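Asker: Dumping the structure here so I can ask a few things about it.
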Amino acid sequence: MPACLLAHTLAYAEDPHRILREVDRVLIDDGWLVISSFNPLSLLGMGKMMPFFRKRQPYASRMFTQMRLLDWLGLLNYEVMFKTRFQVLPWCQKGGKMLSTHLPALGCMTVIVARKRTLPLTPTAKKIPARRQTIQQAVGASSKSYRKDHKE
């Protein structure tokens, strides 16, 4: 598979590591992975601390920090190409543009775009065409031969 989208999948998975390992298995070399999740350090994440909200969605999900997701991707040898946090406010027409611009760390959504990097099992040396070596003449030497012929 050339690309995989995990839209809030890790937040509701029983074993998120297993999901990431499976995605790593099915993705081709240099394949793309897009992860979206809720940010626990946001206004939405703070609602999880309220006892009367805990059983409602999206508060019933597990929320992972962006740094934790980046750490998991690093362990699986993914190169993060893009990461961002932003606000989604359904009651506001602009969708929380002011909060997303000035306080991006408090954004309720996290999006990470990563690329799978695979190293070959047997590293090969870079092939450089061999240059023809010329023998340089020693400094101060001439092409004349000073050897005397011996007759025996």
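Letters for chains follow the order of the structure tokens (A, B, ...), residue numbers begin at 1 for each chain, and ligand numbers begin at 1 in the order shown.
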Please list as a PDB file with N, CA and C atoms, in the first residue's frame every residue within 12 Å of Thr9 in chain A, counting only C-alpha atoms and excluding residues in the same chain fewer than 4 positions away.
Answerer:
```pdb
ATOM      1  N   CYS A   4      -1.438   5.338   3.969  1.00  0.00           N
ATOM      2  CA  CYS A   4      -2.389   4.874   4.977  1.00  0.00           C
ATOM      3  C   CYS A   4      -2.835   6.074   5.816  1.00  0.00           C
ATOM      4  N   LEU A   5      -4.130   6.168   6.063  1.00  0.00           N
ATOM      5  CA  LEU A   5      -4.698   7.246   6.878  1.00  0.00           C
ATOM      6  C   LEU A   5      -5.249   6.642   8.155  1.00  0.00           C
ATOM      7  N   ALA A  13      -8.099   2.474  19.661  1.00  0.00           N
ATOM      8  CA  ALA A  13      -7.553   1.120  19.551  1.00  0.00           C
ATOM      9  C   ALA A  13      -7.210   0.571  20.932  1.00  0.00           C
ATOM     10  N   GLU A  14      -7.387  -0.733  21.063  1.00  0.00           N
ATOM     11  CA  GLU A  14      -7.024  -1.399  22.313  1.00  0.00           C
ATOM     12  C   GLU A  14      -5.503  -1.444  22.467  1.00  0.00           C
ATOM     13  N   ASP A  15      -4.807  -1.665  21.355  1.00  0.00           N
ATOM     14  CA  ASP A  15      -3.341  -1.709  21.349  1.00  0.00           C
ATOM     15  C   ASP A  15      -2.826  -0.852  20.191  1.00  0.00           C
ATOM     16  N   PRO A  16      -2.560   0.437  20.426  1.00  0.00           N
ATOM     17  CA  PRO A  16      -2.123   1.313  19.328  1.00  0.00           C
ATOM     18  C   PRO A  16      -0.767   0.921  18.733  1.00  0.00           C
ATOM     19  N   HIS A  17       0.099   0.313  19.535  1.00  0.00           N
ATOM     20  CA  HIS A  17       1.395  -0.123  19.004  1.00  0.00           C
ATOM     21  C   HIS A  17       1.204  -1.208  17.942  1.00  0.00           C
ATOM     22  N   ARG A  18       0.261  -2.071  18.186  1.00  0.00           N
ATOM     23  CA  ARG A  18      -0.019  -3.154  17.246  1.00  0.00           C
ATOM     24  C   ARG A  18      -0.534  -2.604  15.915  1.00  0.00           C
ATOM     25  N   ILE A  19      -1.358  -1.580  15.989  1.00  0.00           N
ATOM     26  CA  ILE A  19      -1.877  -0.937  14.771  1.00  0.00           C
ATOM     27  C   ILE A  19      -0.722  -0.338  13.977  1.00  0.00           C
ATOM     28  N   LEU A  20       0.173   0.374  14.667  1.00  0.00           N
ATOM     29  CA  LEU A  20       1.304   0.991  13.971  1.00  0.00           C
ATOM     30  C   LEU A  20       2.231  -0.063  13.361  1.00  0.00           C
ATOM     31  N   VAL A  23       0.532  -1.300  10.209  1.00  0.00           N
ATOM     32  CA  VAL A  23       0.654  -0.297   9.149  1.00  0.00           C
ATOM     33  C   VAL A  23       2.069  -0.331   8.577  1.00  0.00           C
ATOM     34  N   VAL A  34      -0.513   9.076   7.380  1.00  0.00           N
ATOM     35  CA  VAL A  34      -1.156  10.292   7.887  1.00  0.00           C
ATOM     36  C   VAL A  34      -1.918   9.906   9.149  1.00  0.00           C
ATOM     37  N   ILE A  35      -1.589  10.581  10.250  1.00  0.00           N
ATOM     38  CA  ILE A  35      -2.231  10.305  11.541  1.00  0.00           C
ATOM     39  C   ILE A  35      -2.940  11.566  12.010  1.00  0.00           C
ATOM     40  N   SER A  36      -4.182  11.416  12.412  1.00  0.00           N
ATOM     41  CA  SER A  36      -4.879  12.521  13.075  1.00  0.00           C
ATOM     42  C   SER A  36      -5.356  12.014  14.427  1.00  0.00           C
ATOM     43  N   SER A  37      -5.286  12.879  15.421  1.00  0.00           N
ATOM     44  CA  SER A  37      -5.727  12.481  16.762  1.00  0.00           C
ATOM     45  C   SER A  37      -6.096  13.724  17.560  1.00  0.00           C
ATOM     46  N   PHE A  38      -6.648  13.493  18.730  1.00  0.00           N
ATOM     47  CA  PHE A  38      -7.002  14.583  19.629  1.00  0.00           C
ATOM     48  C   PHE A  38      -5.794  14.933  20.494  1.00  0.00           C
ATOM     49  N   SER A  61     -12.233   8.609  24.521  1.00  0.00           N
ATOM     50  CA  SER A  61     -11.077   8.050  23.803  1.00  0.00           C
ATOM     51  C   SER A  61      -9.785   8.304  24.572  1.00  0.00           C
ATOM     52  N   ARG A  62      -8.744   7.558  24.189  1.00  0.00           N
ATOM     53  CA  ARG A  62      -7.418   7.804  24.745  1.00  0.00           C
ATOM     54  C   ARG A  62      -6.781   8.905  23.907  1.00  0.00           C
ATOM     55  N   MET A  63      -6.201   9.861  24.553  1.00  0.00           N
ATOM     56  CA  MET A  63      -5.576  10.963  23.831  1.00  0.00           C
ATOM     57  C   MET A  63      -4.075  10.889  24.049  1.00  0.00           C
ATOM     58  N   PHE A  64      -3.321  10.872  22.955  1.00  0.00           N
ATOM     59  CA  PHE A  64      -1.864  10.806  23.020  1.00  0.00           C
ATOM     60  C   PHE A  64      -1.283  12.152  22.615  1.00  0.00           C
TER      61      PHE A  64
END
```
Asker: What does the structure give for the distance between CA of Leu73 in chain A and CA of Gln57 in chain A, in Å to one decimal?
Answerer: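 Interatomic distance here is 26.2 Å.
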Asker: Give me, as a list in words, all polymer residues having an atom no more than 12 Å from Leu75 in chain A, counting only C-alpha atoms and skipping those fewer than 6 positions away in the same chain.
Answerer: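 That gives His17, Leu20, Arg21, Asp24, Arg68, Leu69, Lys116 and Arg117 of chain A.
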Asker: Please identify all polymer residues within 10 Å of Trp32 in chain A, counting only C-alpha atoms, omitting same-chain residues fewer than 3 positions from it, and present them as a ChimeraX atom specification.
Answerer: /A:1-5,27-29,78-81,113-117
Asker: When you draw a straight line from CA of Thr110 in chain A to CA of Leu76 in chain A, how long is it in Å?
Answerer: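 A separation of 19.3 Å between them.
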